[in-house]
$ cat work-v4.cif   # mmCIF, N, CA and C atoms
data_upload
#
loop_
_atom_site.label_atom_id
_atom_site.label_comp_id
_atom_site.auth_asym_id
_atom_site.auth_seq_id
_atom_site.Cartn_x
_atom_site.Cartn_y
_atom_site.Cartn_z
N ALA A 267 0.83 -1.19 0.00
CA ALA A 267 0.00 0.00 0.00
C ALA A 267 0.87 1.25 0.00
N VAL A 268 0.38 2.27 -0.63
CA VAL A 268 1.10 3.54 -0.68
C VAL A 268 0.85 4.29 0.62
N THR A 269 1.92 4.83 1.19
CA THR A 269 1.81 5.63 2.41
C THR A 269 2.31 7.03 2.09
N PHE A 270 1.45 8.04 2.30
CA PHE A 270 1.80 9.43 2.02
C PHE A 270 2.00 10.21 3.30
N GLN A 271 2.90 11.16 3.25
CA GLN A 271 2.98 12.18 4.28
C GLN A 271 1.92 13.22 3.93
N THR A 272 1.61 14.10 4.83
CA THR A 272 0.59 15.11 4.59
C THR A 272 1.06 16.11 3.53
N VAL A 273 0.23 16.31 2.53
CA VAL A 273 0.47 17.35 1.53
C VAL A 273 -0.39 18.54 1.92
N ASN A 274 0.15 19.73 1.75
CA ASN A 274 -0.63 20.90 2.14
C ASN A 274 -0.30 22.08 1.24
N ALA A 275 -0.93 23.21 1.51
CA ALA A 275 -0.75 24.41 0.69
C ALA A 275 0.70 24.89 0.71
N ASN A 276 1.48 24.53 1.74
CA ASN A 276 2.88 24.93 1.81
C ASN A 276 3.75 24.23 0.77
N ASN A 277 3.22 23.20 0.09
CA ASN A 277 4.00 22.50 -0.93
C ASN A 277 4.06 23.25 -2.25
N GLN A 278 3.36 24.37 -2.36
CA GLN A 278 3.39 25.14 -3.60
C GLN A 278 4.82 25.59 -3.88
N GLY A 279 5.30 25.30 -5.09
CA GLY A 279 6.66 25.66 -5.48
C GLY A 279 7.70 24.63 -5.11
N ASP A 280 7.33 23.60 -4.34
CA ASP A 280 8.28 22.56 -3.97
C ASP A 280 8.53 21.62 -5.15
N TYR A 281 9.63 20.90 -5.10
CA TYR A 281 10.04 19.99 -6.17
C TYR A 281 9.83 18.55 -5.72
N PHE A 282 8.98 17.83 -6.44
CA PHE A 282 8.72 16.43 -6.17
C PHE A 282 9.55 15.58 -7.12
N PHE A 283 10.18 14.51 -6.61
CA PHE A 283 10.94 13.61 -7.46
C PHE A 283 10.79 12.18 -6.94
N ALA A 284 11.01 11.22 -7.83
CA ALA A 284 10.70 9.83 -7.51
C ALA A 284 11.88 8.91 -7.79
N ASP A 285 11.87 7.75 -7.13
CA ASP A 285 12.85 6.70 -7.35
C ASP A 285 12.11 5.42 -7.73
N TYR A 286 12.30 4.99 -8.98
CA TYR A 286 11.62 3.82 -9.51
C TYR A 286 11.98 2.54 -8.73
N VAL A 287 13.26 2.33 -8.49
CA VAL A 287 13.72 1.09 -7.87
C VAL A 287 13.28 0.99 -6.40
N ASN A 288 13.38 2.09 -5.68
CA ASN A 288 13.06 2.07 -4.24
C ASN A 288 11.62 2.44 -3.92
N ASN A 289 10.80 2.70 -4.93
CA ASN A 289 9.35 2.93 -4.77
C ASN A 289 8.99 4.10 -3.87
N TRP A 290 9.73 5.21 -3.97
CA TRP A 290 9.37 6.34 -3.13
C TRP A 290 9.24 7.61 -3.95
N ILE A 291 8.56 8.60 -3.36
CA ILE A 291 8.48 9.96 -3.90
C ILE A 291 8.95 10.88 -2.78
N ASN A 292 9.88 11.76 -3.10
CA ASN A 292 10.38 12.74 -2.15
C ASN A 292 9.98 14.14 -2.57
N VAL A 293 10.09 15.06 -1.65
CA VAL A 293 9.81 16.46 -1.94
C VAL A 293 10.93 17.33 -1.38
N ARG A 294 11.37 18.30 -2.19
CA ARG A 294 12.40 19.25 -1.77
C ARG A 294 11.71 20.59 -1.53
N ASP A 295 11.80 21.07 -0.30
CA ASP A 295 11.20 22.34 0.08
C ASP A 295 11.92 23.48 -0.64
N ALA A 296 11.17 24.28 -1.40
CA ALA A 296 11.76 25.36 -2.18
C ALA A 296 12.38 26.44 -1.30
N GLY A 297 11.84 26.63 -0.12
CA GLY A 297 12.33 27.68 0.76
C GLY A 297 13.58 27.30 1.54
N THR A 298 13.61 26.05 2.03
CA THR A 298 14.71 25.64 2.91
C THR A 298 15.72 24.70 2.24
N GLY A 299 15.31 24.05 1.14
CA GLY A 299 16.18 23.08 0.49
C GLY A 299 16.14 21.71 1.14
N THR A 300 15.34 21.55 2.18
CA THR A 300 15.22 20.28 2.89
C THR A 300 14.47 19.26 2.04
N VAL A 301 15.02 18.04 1.98
CA VAL A 301 14.38 16.94 1.26
C VAL A 301 13.75 15.99 2.26
N THR A 302 12.48 15.65 2.06
CA THR A 302 11.78 14.71 2.93
C THR A 302 11.06 13.66 2.10
N ARG A 303 10.84 12.52 2.71
CA ARG A 303 10.09 11.43 2.07
C ARG A 303 8.62 11.82 2.04
N PHE A 304 8.03 11.77 0.85
CA PHE A 304 6.62 12.12 0.68
C PHE A 304 5.74 10.89 0.59
N ALA A 305 6.22 9.85 -0.12
CA ALA A 305 5.42 8.63 -0.27
C ALA A 305 6.33 7.42 -0.32
N THR A 306 5.87 6.31 0.22
CA THR A 306 6.57 5.03 0.13
C THR A 306 5.64 4.01 -0.49
N GLY A 307 6.20 2.96 -1.08
CA GLY A 307 5.37 1.92 -1.70
C GLY A 307 4.61 2.46 -2.90
N ALA A 308 5.23 3.36 -3.66
CA ALA A 308 4.53 4.07 -4.73
C ALA A 308 4.40 3.29 -6.04
N GLY A 309 4.73 2.02 -6.05
CA GLY A 309 4.49 1.18 -7.23
C GLY A 309 5.38 1.49 -8.42
N ASN A 310 6.67 1.74 -8.17
CA ASN A 310 7.64 2.04 -9.22
C ASN A 310 7.24 3.28 -10.03
N PRO A 311 7.25 4.44 -9.40
CA PRO A 311 6.86 5.67 -10.10
C PRO A 311 7.86 6.03 -11.21
N VAL A 312 7.34 6.40 -12.38
CA VAL A 312 8.21 6.75 -13.50
C VAL A 312 7.98 8.16 -14.02
N ASP A 313 6.89 8.82 -13.64
CA ASP A 313 6.63 10.16 -14.12
C ASP A 313 5.78 10.91 -13.11
N LEU A 314 6.09 12.18 -12.90
CA LEU A 314 5.34 13.05 -12.00
C LEU A 314 4.92 14.29 -12.77
N LYS A 315 3.69 14.72 -12.58
CA LYS A 315 3.18 15.95 -13.19
C LYS A 315 2.30 16.66 -12.17
N THR A 316 2.17 17.95 -12.34
CA THR A 316 1.22 18.70 -11.52
C THR A 316 0.17 19.30 -12.43
N THR A 317 -1.03 19.44 -11.90
CA THR A 317 -2.12 20.04 -12.65
C THR A 317 -2.22 21.52 -12.29
N ALA A 318 -3.01 22.25 -13.06
CA ALA A 318 -3.23 23.66 -12.78
C ALA A 318 -3.89 23.86 -11.41
N ALA A 319 -4.61 22.84 -10.94
CA ALA A 319 -5.29 22.90 -9.64
C ALA A 319 -4.34 22.56 -8.48
N GLY A 320 -3.08 22.20 -8.80
CA GLY A 320 -2.11 21.90 -7.76
C GLY A 320 -2.09 20.45 -7.33
N GLU A 321 -2.75 19.58 -8.06
CA GLU A 321 -2.74 18.15 -7.75
C GLU A 321 -1.46 17.52 -8.30
N LEU A 322 -0.97 16.50 -7.63
CA LEU A 322 0.20 15.76 -8.08
C LEU A 322 -0.28 14.47 -8.73
N LEU A 323 0.08 14.25 -9.98
CA LEU A 323 -0.22 13.00 -10.68
C LEU A 323 1.07 12.21 -10.80
N TYR A 324 0.98 10.90 -10.60
CA TYR A 324 2.18 10.08 -10.86
C TYR A 324 1.79 8.77 -11.51
N LEU A 325 2.64 8.34 -12.42
CA LEU A 325 2.46 7.09 -13.13
C LEU A 325 3.23 6.01 -12.40
N ALA A 326 2.52 4.99 -11.96
CA ALA A 326 3.12 3.86 -11.24
C ALA A 326 3.28 2.71 -12.22
N ARG A 327 4.49 2.52 -12.72
CA ARG A 327 4.76 1.48 -13.71
C ARG A 327 4.48 0.09 -13.14
N GLY A 328 4.76 -0.08 -11.86
CA GLY A 328 4.56 -1.38 -11.23
C GLY A 328 3.12 -1.84 -11.24
N SER A 329 2.19 -0.89 -11.15
CA SER A 329 0.77 -1.26 -11.14
C SER A 329 0.07 -0.86 -12.44
N GLY A 330 0.78 -0.14 -13.32
CA GLY A 330 0.19 0.27 -14.59
C GLY A 330 -0.95 1.26 -14.41
N GLN A 331 -0.84 2.12 -13.39
CA GLN A 331 -1.91 3.06 -13.10
C GLN A 331 -1.38 4.47 -12.91
N VAL A 332 -2.28 5.44 -13.07
CA VAL A 332 -1.97 6.83 -12.76
C VAL A 332 -2.72 7.18 -11.48
N PHE A 333 -2.01 7.81 -10.54
CA PHE A 333 -2.61 8.20 -9.27
C PHE A 333 -2.63 9.72 -9.15
N LYS A 334 -3.63 10.23 -8.47
CA LYS A 334 -3.75 11.66 -8.23
C LYS A 334 -3.72 11.91 -6.73
N VAL A 335 -2.86 12.84 -6.30
CA VAL A 335 -2.77 13.24 -4.91
C VAL A 335 -3.21 14.69 -4.85
N ALA A 336 -4.23 14.97 -4.06
CA ALA A 336 -4.77 16.32 -3.98
C ALA A 336 -4.86 16.77 -2.53
N TYR A 337 -4.61 18.04 -2.31
CA TYR A 337 -4.72 18.63 -0.98
C TYR A 337 -6.18 18.96 -0.69
N THR A 338 -6.64 18.55 0.48
CA THR A 338 -7.93 19.00 0.98
C THR A 338 -7.68 19.51 2.38
N ALA A 339 -8.24 20.65 2.69
CA ALA A 339 -7.98 21.29 3.98
C ALA A 339 -8.42 20.43 5.15
N ALA A 340 -9.39 19.55 4.93
CA ALA A 340 -9.97 18.78 6.02
C ALA A 340 -9.20 17.50 6.36
N SER A 341 -8.40 16.98 5.41
CA SER A 341 -7.78 15.69 5.68
C SER A 341 -6.50 15.51 4.88
N ALA A 342 -5.77 14.47 5.22
CA ALA A 342 -4.57 14.10 4.47
C ALA A 342 -4.98 13.48 3.14
N PRO A 343 -4.08 13.40 2.15
CA PRO A 343 -4.42 12.81 0.86
C PRO A 343 -4.75 11.33 1.00
N THR A 344 -5.58 10.85 0.08
CA THR A 344 -5.97 9.45 0.09
C THR A 344 -5.79 8.86 -1.30
N ILE A 345 -5.71 7.56 -1.37
CA ILE A 345 -5.68 6.83 -2.63
C ILE A 345 -7.12 6.41 -2.91
N SER A 346 -7.68 6.88 -4.04
CA SER A 346 -9.08 6.57 -4.33
C SER A 346 -9.25 5.15 -4.87
N GLN A 347 -8.22 4.60 -5.49
CA GLN A 347 -8.27 3.23 -5.99
C GLN A 347 -6.95 2.56 -5.66
N GLN A 348 -6.99 1.52 -4.87
CA GLN A 348 -5.78 0.80 -4.50
C GLN A 348 -5.24 0.03 -5.69
N PRO A 349 -3.91 0.00 -5.88
CA PRO A 349 -3.34 -0.73 -7.00
C PRO A 349 -3.53 -2.24 -6.85
N GLN A 350 -3.60 -2.89 -7.97
CA GLN A 350 -3.72 -4.36 -7.98
C GLN A 350 -2.34 -4.97 -7.80
N ASN A 351 -2.27 -6.16 -7.21
CA ASN A 351 -1.02 -6.90 -7.15
C ASN A 351 -0.69 -7.41 -8.55
N VAL A 352 0.56 -7.28 -8.97
CA VAL A 352 0.97 -7.71 -10.28
C VAL A 352 2.24 -8.54 -10.15
N THR A 353 2.27 -9.70 -10.80
CA THR A 353 3.46 -10.53 -10.83
C THR A 353 4.10 -10.40 -12.20
N VAL A 354 5.37 -10.03 -12.24
CA VAL A 354 6.08 -9.86 -13.49
C VAL A 354 7.16 -10.92 -13.56
N SER A 355 7.22 -11.59 -14.70
CA SER A 355 8.26 -12.62 -14.84
C SER A 355 9.11 -12.37 -16.03
#
$ encode --input "work-v4.cif" --output "structure tokens"
Amino acid sequence: AVTFQTVNANNQGDYFFADYVNNWINVRDAGTGTVTRFATGAGNPVDLKTTAAGELLYLARGSGQVFKVAYTAASAPTISQQPQNVTVS
């Protein structure tokens, strides 16, 4: 399962980057330069994009799906559809 840290309005301008092999997404704070783990178990992320609304989209090659992470003032981000288990040989 994917585990996210809280995304919030303070992430505006921050740099998100991913590691395919280690299944994580990190974020670099634009103001301080601090790098923190944003997501683990991200299903081999290969591409990250942001929308005009500030949502983070990422392509998980391991599950063959695109996920959307969006900030809501009331709660932490959630995964709306859990990835399927996939066996690759």
$ closest_residue --input "work-v4.cif" --among "A:Glu321, A:Gly297, A:Asn289, A:Asn351" --to "Gly309 of chain A" --atoms "only C-alpha atoms"
A:Asn289
$ closest_residue --input "work-v4.cif" --among "A:Val354, A:Val301, A:Ala336, A:Ala284" --to "Leu322 of chain A" --atoms "all atoms listed in the file"
A:Ala336
$ atom_distance --input "work-v4.cif" --atom1 "atom C of Pro311 of chain A" --atom2 "atom N of Val352 of chain A"
15.3 Å
$ resolve_selection --input "work-v4.cif" --expression "the PyMOL selection byres ((chain A and resi 290) around 5)" --output "list in words"
Ala284, Asp285, Asn288, Asn289, Ile291, Asn292, Ala305, Thr306 and Ala308 of chain A
$ residues_around --input "work-v4.cif" --residues "Gln350 of chain A" --least-positions-apart "3" --cutoff "8 Å" --atoms "all atoms listed in the file" --output "ChimeraX atom specification"
/A:328-331,347,353
$ atom_distance --input "work-v4.cif" --atom1 "atom CA of Tyr324 of chain A" --atom2 "atom C of Phe282 of chain A"
9.9 Å
$ atom_distance --input "work-v4.cif" --atom1 "atom C of Leu325 of chain A" --atom2 "atom C of Asp295 of chain A"
22.8 Å
$ axis_aligned_box --input "work-v4.cif" --around "segment 280-283 of chain A" --padding-each-side "5 Å" --output "JSON"
{"center_x": 9.1, "center_y": 17.9, "center_z": -5.7, "size_x": 13.6, "size_y": 21.4, "size_z": 13.5}
$ closest_residue --input "work-v4.cif" --among "A:Gly320, A:Gly299, A:Val332, A:Asn310" --to "Gln278 of chain A" --atoms "only N, CA and C atoms"
A:Gly320
$ closest_residue --input "work-v4.cif" --among "A:Tyr286, A:Val293, A:Thr298, A:Lys315" --to "Arg327 of chain A" --atoms "all atoms listed in the file"
A:Tyr286
$ select_by_dssp --input "work-v4.cif" --residues "segment 302-336 of chain A" --states "strand (DSSP E)" --output "PyMOL selection string"
chain A and resi 302-306+311-316+322-326+331-335
